[in-house]
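*Asks:* So that you have it, the file is my_file20.pdb, and it contains PDB, C-alpha atoms:
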```pdb
MODEL        1
ATOM      1  CA  MET A  26     203.025  54.554 -16.364  1.00  0.00           C
ATOM      2  CA  LYS A  27     200.435  54.612 -19.138  1.00  0.00           C
ATOM      3  CA  PRO A  28     197.955  57.538 -19.162  1.00  0.00           C
ATOM      4  CA  TYR A  29     194.223  56.843 -19.272  1.00  0.00           C
ATOM      5  CA  HIS A  30     192.579  57.006 -22.670  1.00  0.00           C
ATOM      6  CA  THR A  31     190.154  59.939 -22.767  1.00  0.00           C
ATOM      7  CA  THR A  32     187.083  57.672 -22.879  1.00  0.00           C
ATOM      8  CA  THR A  33     188.287  55.347 -20.108  1.00  0.00           C
ATOM      9  CA  ILE A  34     186.828  55.824 -16.641  1.00  0.00           C
ATOM     10  CA  PRO A  35     189.457  55.075 -13.955  1.00  0.00           C
ATOM     11  CA  LEU A  36     188.708  52.129 -11.674  1.00  0.00           C
ATOM     12  CA  GLU A  37     188.689  54.388  -8.618  1.00  0.00           C
ATOM     13  CA  ALA A  38     185.876  56.477 -10.129  1.00  0.00           C
ATOM     14  CA  GLN A  39     183.945  53.348 -11.114  1.00  0.00           C
ATOM     15  CA  TYR A  40     184.254  52.027  -7.561  1.00  0.00           C
ATOM     16  CA  LEU A  41     183.039  55.319  -6.075  1.00  0.00           C
ATOM     17  CA  TYR A  42     180.118  55.365  -8.520  1.00  0.00           C
ATOM     18  CA  ARG A  43     179.117  51.824  -7.488  1.00  0.00           C
ATOM     19  CA  ARG A  44     179.340  52.750  -3.800  1.00  0.00           C
ATOM     20  CA  GLY A  45     177.168  55.783  -4.480  1.00  0.00           C
ATOM     21  CA  ARG A  46     174.577  53.587  -6.204  1.00  0.00           C
ATOM     22  CA  GLU A  47     174.637  51.198  -3.215  1.00  0.00           C
ATOM     23  CA  MET A  48     173.946  54.108  -0.862  1.00  0.00           C
ATOM     24  CA  ILE A  49     171.055  55.241  -3.067  1.00  0.00           C
ATOM     25  CA  ASP A  50     169.624  51.716  -2.982  1.00  0.00           C
ATOM     26  CA  GLN A  51     169.778  51.936   0.827  1.00  0.00           C
ATOM     27  CA  HIS A  52     168.035  55.358   0.720  1.00  0.00           C
ATOM     28  CA  LYS A  53     171.168  57.136   1.992  1.00  0.00           C
ATOM     29  CA  GLU A  54     171.256  59.878  -0.631  1.00  0.00           C
ATOM     30  CA  ASP A  55     173.364  62.260   1.491  1.00  0.00           C
ATOM     31  CA  ILE A  56     176.176  59.679   1.673  1.00  0.00           C
ATOM     32  CA  ALA A  57     175.705  58.808  -2.005  1.00  0.00           C
ATOM     33  CA  LEU A  58     176.396  62.440  -2.910  1.00  0.00           C
ATOM     34  CA  VAL A  59     179.834  62.207  -1.321  1.00  0.00           C
ATOM     35  CA  TYR A  60     180.772  59.129  -3.352  1.00  0.00           C
ATOM     36  CA  LEU A  61     179.347  60.471  -6.607  1.00  0.00           C
ATOM     37  CA  ARG A  62     181.064  63.847  -6.226  1.00  0.00           C
ATOM     38  CA  GLN A  63     184.373  62.068  -5.662  1.00  0.00           C
ATOM     39  CA  ALA A  64     183.748  59.971  -8.785  1.00  0.00           C
ATOM     40  CA  VAL A  65     183.263  63.034 -11.012  1.00  0.00           C
ATOM     41  CA  PHE A  66     186.258  64.742  -9.414  1.00  0.00           C
ATOM     42  CA  ILE A  67     188.456  61.799 -10.450  1.00  0.00           C
ATOM     43  CA  ALA A  68     186.763  61.340 -13.827  1.00  0.00           C
ATOM     44  CA  PRO A  69     185.275  64.622 -15.126  1.00  0.00           C
ATOM     45  CA  GLY A  70     184.024  62.775 -18.231  1.00  0.00           C
ATOM     46  CA  PHE A  71     181.945  60.244 -16.268  1.00  0.00           C
ATOM     47  CA  SER A  72     178.473  61.141 -17.559  1.00  0.00           C
ATOM     48  CA  LYS A  73     176.674  58.376 -15.632  1.00  0.00           C
ATOM     49  CA  ALA A  74     178.034  59.749 -12.357  1.00  0.00           C
ATOM     50  CA  TYR A  75     176.904  63.287 -13.241  1.00  0.00           C
ATOM     51  CA  GLN A  76     173.479  61.940 -14.201  1.00  0.00           C
ATOM     52  CA  GLU A  77     173.165  60.002 -10.943  1.00  0.00           C
ATOM     53  CA  LEU A  78     174.277  63.064  -8.977  1.00  0.00           C
ATOM     54  CA  GLY A  79     171.462  65.004 -10.600  1.00  0.00           C
ATOM     55  CA  ASN A  80     168.937  62.263  -9.903  1.00  0.00           C
ATOM     56  CA  CYS A  81     170.039  62.062  -6.273  1.00  0.00           C
ATOM     57  CA  LEU A  82     169.778  65.828  -5.804  1.00  0.00           C
ATOM     58  CA  THR A  83     166.322  65.766  -7.365  1.00  0.00           C
ATOM     59  CA  ARG A  84     165.195  63.182  -4.817  1.00  0.00           C
ATOM     60  CA  LEU A  85     166.628  65.388  -2.060  1.00  0.00           C
ATOM     61  CA  GLY A  86     164.547  68.336  -3.277  1.00  0.00           C
ATOM     62  CA  ARG A  87     167.446  70.343  -4.731  1.00  0.00           C
ATOM     63  CA  PRO A  88     166.314  70.877  -8.351  1.00  0.00           C
ATOM     64  CA  GLU A  89     168.592  73.816  -9.167  1.00  0.00           C
ATOM     65  CA  GLU A  90     171.742  71.844  -8.342  1.00  0.00           C
ATOM     66  CA  ALA A  91     170.277  68.749  -9.991  1.00  0.00           C
ATOM     67  CA  SER A  92     169.686  70.490 -13.292  1.00  0.00           C
ATOM     68  CA  ALA A  93     173.323  71.656 -13.391  1.00  0.00           C
ATOM     69  CA  TYR A  94     174.535  68.052 -13.060  1.00  0.00           C
ATOM     70  CA  HIS A  95     171.994  66.790 -15.606  1.00  0.00           C
ATOM     71  CA  LEU A  96     173.260  69.443 -18.005  1.00  0.00           C
ATOM     72  CA  LYS A  97     176.875  68.338 -17.458  1.00  0.00           C
ATOM     73  CA  ALA A  98     175.867  64.733 -18.152  1.00  0.00           C
ATOM     74  CA  TYR A  99     174.082  65.826 -21.312  1.00  0.00           C
ATOM     75  CA  ARG A 100     177.087  67.810 -22.548  1.00  0.00           C
ATOM     76  CA  ILE A 101     179.344  64.789 -22.064  1.00  0.00           C
ATOM     77  CA  ASP A 102     176.946  62.243 -23.579  1.00  0.00           C
ATOM     78  CA  PRO A 103     173.730  63.546 -25.189  1.00  0.00           C
ATOM     79  CA  THR A 104     172.390  59.988 -25.614  1.00  0.00           C
ATOM     80  CA  HIS A 105     171.471  59.956 -21.904  1.00  0.00           C
ATOM     81  CA  CYS A 106     168.957  62.760 -22.307  1.00  0.00           C
ATOM     82  CA  SER A 107     165.921  63.054 -24.546  1.00  0.00           C
ATOM     83  CA  THR A 108     162.350  64.218 -24.641  1.00  0.00           C
ATOM     84  CA  ALA A 109     160.761  60.838 -25.300  1.00  0.00           C
ATOM     85  CA  GLY A 110     159.611  57.769 -23.480  1.00  0.00           C
ATOM     86  CA  ASP A 111     160.423  56.923 -19.897  1.00  0.00           C
ATOM     87  CA  SER A 112     161.843  60.232 -18.813  1.00  0.00           C
ATOM     88  CA  ILE A 113     161.478  62.862 -16.170  1.00  0.00           C
ATOM     89  CA  THR A 114     161.176  66.571 -16.826  1.00  0.00           C
ATOM     90  CA  MET A 115     163.187  68.864 -14.617  1.00  0.00           C
ATOM     91  CA  LYS A 116     161.047  71.956 -14.153  1.00  0.00           C
ATOM     92  CA  GLY A 117     162.518  73.021 -10.853  1.00  0.00           C
ATOM     93  CA  GLN A 118     159.391  71.973  -9.028  1.00  0.00           C
ATOM     94  CA  VAL A 119     159.489  71.772  -5.260  1.00  0.00           C
ATOM     95  CA  LYS A 120     156.066  71.209  -3.727  1.00  0.00           C
ATOM     96  CA  ASP A 121     154.292  72.716  -6.752  1.00  0.00           C
ATOM     97  CA  GLN A 122     156.614  75.718  -6.980  1.00  0.00           C
ATOM     98  CA  SER A 123     158.371  76.252 -10.302  1.00  0.00           C
ATOM     99  CA  ILE A 124     161.688  77.968 -10.846  1.00  0.00           C
ATOM    100  CA  PRO A 125     161.712  79.944 -14.121  1.00  0.00           C
ATOM    101  CA  GLY A 126     164.262  78.898 -16.719  1.00  0.00           C
ATOM    102  CA  TYR A 127     164.802  75.293 -15.573  1.00  0.00           C
ATOM    103  CA  ASN A 128     163.695  72.764 -18.156  1.00  0.00           C
ATOM    104  CA  LEU A 129     165.694  69.610 -18.849  1.00  0.00           C
ATOM    105  CA  THR A 130     164.461  66.137 -19.590  1.00  0.00           C
ATOM    106  CA  CYS A 131     166.754  63.210 -18.839  1.00  0.00           C
ATOM    107  CA  LEU A 132     166.397  59.462 -18.880  1.00  0.00           C
ATOM    108  CA  ILE A 133     166.670  57.562 -15.609  1.00  0.00           C
ATOM    109  CA  TRP A 134     168.488  54.236 -15.772  1.00  0.00           C
TER     110      TRP A 134
ENDMDL
END
```
Starting from the coordinates I provided, produce the structure as structure tokens.
*Replies:*
Amino acid sequence: MKPYHTTTIPLEAQYLYRRGREMIDQHKEDIALVYLRQAVFIAPGFSKAYQELGNCLTRLGRPEEASAYHLKAYRIDPTHCSTAGDSITMKGQVKDQSIPGYNLTCLIW
């Protein structure tokens, strides 16, 4: 059996990521979280899955958790996060409340 190359995302993780995206498209973010968490468990280097987890948590109003996943995505692949253009700024805002110390800007695909 041949081991996965470090930059290769296993098919199982890719499948779970796609299922998570399908659930998001159907506005079923709670189910999407299950699929996306399984994807990053199988492939800890899957930056897109971490990024989507963060985006999903943001939509669910959980900015503290979201920023942790955005940070993981950034550490894996810094090209997914920037301060320019079509981006969102994570300031930990929930109904105009800010959480001190949370500032991360990431691109949304």
*Asks:* My list of candidates is A:Ala98, A:Ile67, A:Cys81, A:Leu61. Which is closest to A:Thr33 when distances are computed with all atoms listed in the file?
*Replies:*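 Selected residue with least distance to A:Thr33: A:Ile67.
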*Asks:* Step by step, work through what the PyMOL selection byres ((chain A and resi 41) around 9) selects in the shown file, and finish by giving those residues as a PyMOL selection string.
*Replies:* chain A and resi 36-40+42-46+59-64
*Asks:* Atom CA of A:Arg84 to atom CA of A:Pro35: how many Å, to one decimal?
*Replies:*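 Computing the Euclidean distance for atom CA of A:Arg84 and atom CA of A:Pro35 yields 27.2 Å.
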*Asks:* So, counting all atoms listed in the file, which residue among A:Thr104, A:Lys53, A:Gly79, A:Ser72 is closest to A:Ser92?
*Replies:* A:Gly79
*Asks:* Given the file shown, enumerate the residues that the PyMOL selection byres ((chain A and resi 95) around 8) captures and present them as a VMD selection string.
*Replies:* chain A and resid 75 to 76 78 to 80 91 to 94 96 to 99 129 131
*Asks:* In Å to one decimal, how far is atom CA of A:Pro103 from atom CA of A:Gln51?
*Replies:*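 For atom CA of A:Gln51 relative to atom CA of A:Pro103, the distance reads 28.8 Å.
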*Asks:* What is the distance between atom CA of A:Asp55 and atom CA of A:Leu82, in Å to one decimal?
*Replies:* 8.9 Å
